[in-house]
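A.B. asks: One structure, as structure tokens, below. Some questions next.
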Amino acid sequence: MIDLHIHTTASDGTDTPEEVIRKAKKAGLSAISITDHDTAAGAAEAMRLSIKYAIEVVPGIEISSEFEGEEVHILGYFIDPDSPKLQPVLDWVIKDRNTRNERIIRKLADDGYDISLEELKESYPGAVIGRPHIAGKLLEKGYVNSIQQAFDEFLTDGKPYFLPRTYLPVEEAVKVIRSAGGAAVVAHPLQYNFTQEKLYRFLKETKGMGVVGMETVYSKYSEEETKYLENIADEMMLIRTGGSDYHGTRKPDIEIGKGEGTMRVPDSYLADLKTVKKR
Ligand code: AMP
Ligand code: FE
Ligand code: FE
Ligand code: ZN
């Protein structure tokens with residue numbers, strides 16, 4: 001079994017790449033992909049460790065982007081983490097994130113919630129910082145009792161301290177993954193609450209941009225939902241991929257390789273990914 005969707009401390013996961021690899025070995029997985037939000041640093045680190053631990057590590061990324069005004073996530077597999085094509089785009093994303101983080105923190109400070117960007121950077125060195133880290137600080141300082149409360153009452157869209165990001169158009173996300181040598185895959189297709197019609201349009205259009213697969217197996221998806229997605233994948237001639245979306249203690253119900261318990265991703269999904277990548 002494998003797990004092709006994992007976050008580390010390079011983004012908003014709470015385990016380092018090495019801790020992730022140890023857990024993957026313990027779970028008996030033969031391969032994993034590190035797919036941090038908007039950074040390939042975690043993937044690069046995991047690749048360096050893959051020989052020591054004798055586990056296959058697929059370098060990956062998960063890029064937040066926008067389709068018809070809504071946030072969608074595109075996974076990139078087999079990207080070159082050092083690709084000169086990738087870094088300028090990610091730098092742009094991180095600059096936008098930093099501007100947004102500063103504005104959120106200022107808004108919080110105005111209302112007496114004392115968090116600074118410096119302490120965030122200190123607590124999460126090298127990480128792509130986002131709302132989960134701000135939520136972590138709100139919790140640490142006792143302003144909320146849980147990460148969930150921080151989102152529900154402060155940071156979620158519609159709440160006082162939510163600010164939007166500027167997302168890459170989905171075609172830009174697909175393009176940069178491909179130009180960094182990667183295979184682009186639609187992440188968790190049922191998380192966007194699209195109507196069936198919009199989901200088909202999204203998949204058709206992104207396939208036209210070069211997307212080769214879609215995530216059919218995911219921690220949150222029931223057998224029926226996976227079956228539903230498999231049928232769509234077959235119809236659209238997209239390959240199936242799968243992963244847990246492990247975030248460590250930030251999503252405590254999710255385990256590497258097992259999701260909420262019953263998730264299993266077969267090795268053949270990785271073989272298929274390698275085949276389409278060659279095309
Ligand atoms: P950002 O990219 O900074 O907008 O943060 C998005 C991340 O926050 C997602 O990848 C999730 O890991 C996390 N997140 C978003 N909404 C929630 C929520 N309601 N509860 C917990 N975590 C959330
Ligand atoms: Fe996340
Ligand atoms: Fe995602
Ligand atoms: Zn993810």
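Following the order of the structure tokens, chains are lettered A, B, ..., residues in each are numbered from 1, and ligands are numbered from 1.
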Taking the DSSP assignment computed from this structure's backbone, write out as JSON, numbers by chain all residues of stretch 57-177 of chain A that belong to strand (DSSP E or B).
C.D. replies: {"A": [57, 58, 59, 60, 61, 62, 63, 64, 65, 66, 67, 70, 71, 72, 73, 74, 75, 76, 77, 168, 169]}
A.B. asks: List all protein, DNA and RNA residues that have at least one atom no more than 10 Å from any atom of ligand 3, counting only C-alpha atoms and all ligand atoms, and write them as a list in words.
C.D. replies: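 Checked against 10 Å with only C-alpha atoms and all ligand atoms; the hits are His5, Ile6, His7, Thr35, Asp36, His37, Glu62, Ile63, Ser64, Glu71, Val72, His73, Ile74, Leu75, Val186, Ala187, His188, Pro189, Gln191, Tyr192 and Asp245 of chain A.
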A.B. asks: Okay, now the selection with N, CA and C atoms, as a short mmCIF file (atom, residue, chain, number, x, y, z; two decimals), in the first residue's frame?
C.D. replies:
data_model
loop_
_atom_site.label_atom_id
_atom_site.label_comp_id
_atom_site.auth_asym_id
_atom_site.auth_seq_id
_atom_site.Cartn_x
_atom_site.Cartn_y
_atom_site.Cartn_z
N HIS A 5 -0.66 11.52 -0.51
CA HIS A 5 -1.10 12.88 -0.13
C HIS A 5 -0.78 13.10 1.35
N ILE A 6 0.37 13.72 1.61
CA ILE A 6 0.86 13.89 2.98
C ILE A 6 1.48 15.29 3.16
N HIS A 7 1.15 15.93 4.28
CA HIS A 7 1.72 17.24 4.61
C HIS A 7 2.75 17.12 5.73
N THR A 35 3.21 16.06 -0.21
CA THR A 35 2.50 17.04 -1.04
C THR A 35 2.15 18.27 -0.22
N ASP A 36 3.17 19.01 0.17
CA ASP A 36 2.92 20.19 0.99
C ASP A 36 2.25 21.30 0.18
N HIS A 37 1.51 22.15 0.90
CA HIS A 37 0.87 23.30 0.26
C HIS A 37 1.95 24.28 -0.23
N GLU A 62 1.14 20.40 -3.46
CA GLU A 62 -0.30 20.66 -3.61
C GLU A 62 -0.45 22.17 -3.76
N ILE A 63 -0.87 22.60 -4.93
CA ILE A 63 -0.95 24.03 -5.21
C ILE A 63 -2.40 24.50 -5.13
N SER A 64 -2.63 25.52 -4.30
CA SER A 64 -3.97 26.12 -4.20
C SER A 64 -4.17 27.02 -5.41
N GLU A 71 -11.81 28.05 -4.71
CA GLU A 71 -10.50 27.46 -4.43
C GLU A 71 -10.49 25.97 -4.77
N VAL A 72 -9.53 25.58 -5.58
CA VAL A 72 -9.34 24.16 -5.90
C VAL A 72 -7.86 23.81 -5.72
N HIS A 73 -7.59 22.56 -5.41
CA HIS A 73 -6.21 22.13 -5.16
C HIS A 73 -5.73 21.18 -6.24
N ILE A 74 -4.54 21.47 -6.78
CA ILE A 74 -3.95 20.61 -7.79
C ILE A 74 -2.68 19.98 -7.22
N LEU A 75 -2.63 18.65 -7.30
CA LEU A 75 -1.45 17.92 -6.84
C LEU A 75 -0.48 17.77 -8.00
N VAL A 186 -6.02 16.28 -9.99
CA VAL A 186 -7.02 17.02 -9.20
C VAL A 186 -7.13 16.40 -7.80
N ALA A 187 -6.91 17.21 -6.77
CA ALA A 187 -7.03 16.74 -5.39
C ALA A 187 -8.49 16.71 -4.95
N HIS A 188 -8.80 15.78 -4.05
CA HIS A 188 -10.11 15.65 -3.37
C HIS A 188 -11.28 16.34 -4.10
N PRO A 189 -11.75 15.75 -5.22
CA PRO A 189 -12.76 16.41 -6.07
C PRO A 189 -14.09 16.69 -5.38
N GLN A 191 -14.42 17.89 -2.32
CA GLN A 191 -14.29 18.89 -1.26
C GLN A 191 -14.74 20.28 -1.72
N TYR A 192 -15.07 20.43 -2.99
CA TYR A 192 -15.36 21.77 -3.50
C TYR A 192 -16.86 22.07 -3.51
N ASP A 245 -4.16 12.76 3.05
CA ASP A 245 -4.14 14.18 3.43
C ASP A 245 -3.74 14.32 4.90
#
A.B. asks: Which residues sit within 9 Å of ligand 1, counting only C-alpha atoms and all ligand atoms, listed as a ChimeraX atom specification?
C.D. replies: /A:11-13,37-38,64,97,100-101,128-135,147-152,155-157,162-165,245,247,250-251
A.B. asks: Find the residues near stretch 266-278 of chain A: any atom within 7 Å, counting only C-alpha atoms, skip ones fewer than 3 places away on the same chain, and give them as an mmCIF file with C-alpha atoms, in the first residue's frame.
C.D. replies:
data_model
loop_
_atom_site.group_PDB
_atom_site.id
_atom_site.type_symbol
_atom_site.label_atom_id
_atom_site.label_comp_id
_atom_site.auth_asym_id
_atom_site.auth_seq_id
_atom_site.Cartn_x
_atom_site.Cartn_y
_atom_site.Cartn_z
ATOM 1 C CA MET A 1 0.000 0.000 0.000
ATOM 2 C CA ILE A 2 0.994 3.604 -0.547
ATOM 3 C CA ALA A 183 2.119 15.069 -13.515
ATOM 4 C CA ARG A 240 -7.015 7.190 -10.130
ATOM 5 C CA THR A 241 -4.802 8.363 -7.303
#
A.B. asks: Could you check which of A:Phe78, A:Glu102, A:Arg201, A:Lys220 is closest to A:Gly259, using only C-alpha atoms?
C.D. replies: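 Smallest separation from A:Gly259 among the options: A:Lys220.
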A.B. asks: Point out the residue among A:Glu70, A:Gly142, A:Gly208, A:Pro88 with the least atom-to-atom distance to A:Asn193, counting only C-alpha atoms.
C.D. replies: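 Result for the nearest residue to A:Asn193: A:Glu70.
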A.B. asks: Which residue, A:Ser30, A:Thr226, A:Thr39, A:Thr195, has the smallest gap to ligand 2 when you use only C-alpha atoms and all ligand atoms?
C.D. replies: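 For ligand 2, the nearest of the given residues is A:Thr39.
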A.B. asks: Smallest atom-to-atom distance to ligand 2: which of A:Gly112, A:Gly248, A:Gly210, A:Pro160, using only C-alpha atoms and all ligand atoms?
C.D. replies: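 Counting only C-alpha atoms and all ligand atoms, the residue closest to ligand 2 is A:Gly248.
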A.B. asks: So, with only C-alpha atoms as the atoms that count, which of A:Thr206, A:Thr99, A:Ser116, A:Gln196 lies closest to A:Glu171?
C.D. replies: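 Answer, going by the shortest atom-to-atom distance: A:Thr206.
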A.B. asks: Looking at only C-alpha atoms and all ligand atoms, which of A:Pro125, A:Gly261, A:Gly60, A:Pro17 is the one that sits closest to ligand 4?
C.D. replies: A:Gly60
A.B. asks: Hey, what's within 9 Å of A:Ile105 if we count only C-alpha atoms and toss same-chain stuff fewer than 6 positions away? As a list in words, please?
C.D. replies: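 In the requested form, the answer reads Tyr113, Asp114, Ile115, Ser116, Leu117, Ile134 and Tyr161 of chain A.
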A.B. asks: Please write the residues from the selection above to a file, keeping N, CA and C atoms, as a PDB file, in the first residue's frame.
C.D. replies:
ATOM      1  N   TYR A 113      -5.974  40.692  20.264  1.00  0.00           N
ATOM      2  CA  TYR A 113      -5.383  39.348  20.169  1.00  0.00           C
ATOM      3  C   TYR A 113      -3.943  39.506  19.721  1.00  0.00           C
ATOM      4  N   ASP A 114      -3.047  39.262  20.672  1.00  0.00           N
ATOM      5  CA  ASP A 114      -1.653  39.612  20.467  1.00  0.00           C
ATOM      6  C   ASP A 114      -0.843  38.448  19.871  1.00  0.00           C
ATOM      7  N   ILE A 115      -0.644  38.531  18.561  1.00  0.00           N
ATOM      8  CA  ILE A 115       0.185  37.539  17.855  1.00  0.00           C
ATOM      9  C   ILE A 115       1.069  38.326  16.904  1.00  0.00           C
ATOM     10  N   SER A 116       2.343  37.958  16.817  1.00  0.00           N
ATOM     11  CA  SER A 116       3.200  38.654  15.853  1.00  0.00           C
ATOM     12  C   SER A 116       3.700  37.691  14.789  1.00  0.00           C
ATOM     13  N   LEU A 117       4.038  38.275  13.654  1.00  0.00           N
ATOM     14  CA  LEU A 117       4.573  37.491  12.544  1.00  0.00           C
ATOM     15  C   LEU A 117       5.900  36.855  12.952  1.00  0.00           C
ATOM     16  N   ILE A 134      -1.764  30.360  12.416  1.00  0.00           N
ATOM     17  CA  ILE A 134      -2.371  31.439  13.205  1.00  0.00           C
ATOM     18  C   ILE A 134      -3.354  30.825  14.213  1.00  0.00           C
ATOM     19  N   TYR A 161     -11.927  37.588  11.018  1.00  0.00           N
ATOM     20  CA  TYR A 161     -10.496  37.657  10.708  1.00  0.00           C
ATOM     21  C   TYR A 161     -10.129  36.855   9.467  1.00  0.00           C
TER      22      TYR A 161
END
A.B. asks: Going by DSSP on the backbone, which residues of stretch 83-149 of chain A come out as alpha helix (DSSP H)? List them as a count of residues only.
C.D. replies: 45
A.B. asks: Taking 2 positions as the minimum chain separation for residues in the same chain, which residues sit within 10 Å of A:Thr216 when counting only C-alpha atoms? Answer as a list in words.
C.D. replies: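 Those residues are Val186, Ala187, His188, Pro189, Leu190, Gly213, Met214, Tyr218, Tyr221, Glu223, Glu225, Thr226, Lys227, Tyr228, Leu229, Glu230, Asn231, Ile232, Ala233, Ile239, Arg240, Thr241, Gly242, Gly243 and Val265 of chain A.
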A.B. asks: Could you please determine the separation between atom CA of A:Asp91 and atom CA of A:Ala44 in Å, to one decimal place?
C.D. replies: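 Interatomic distance here is 16.6 Å.
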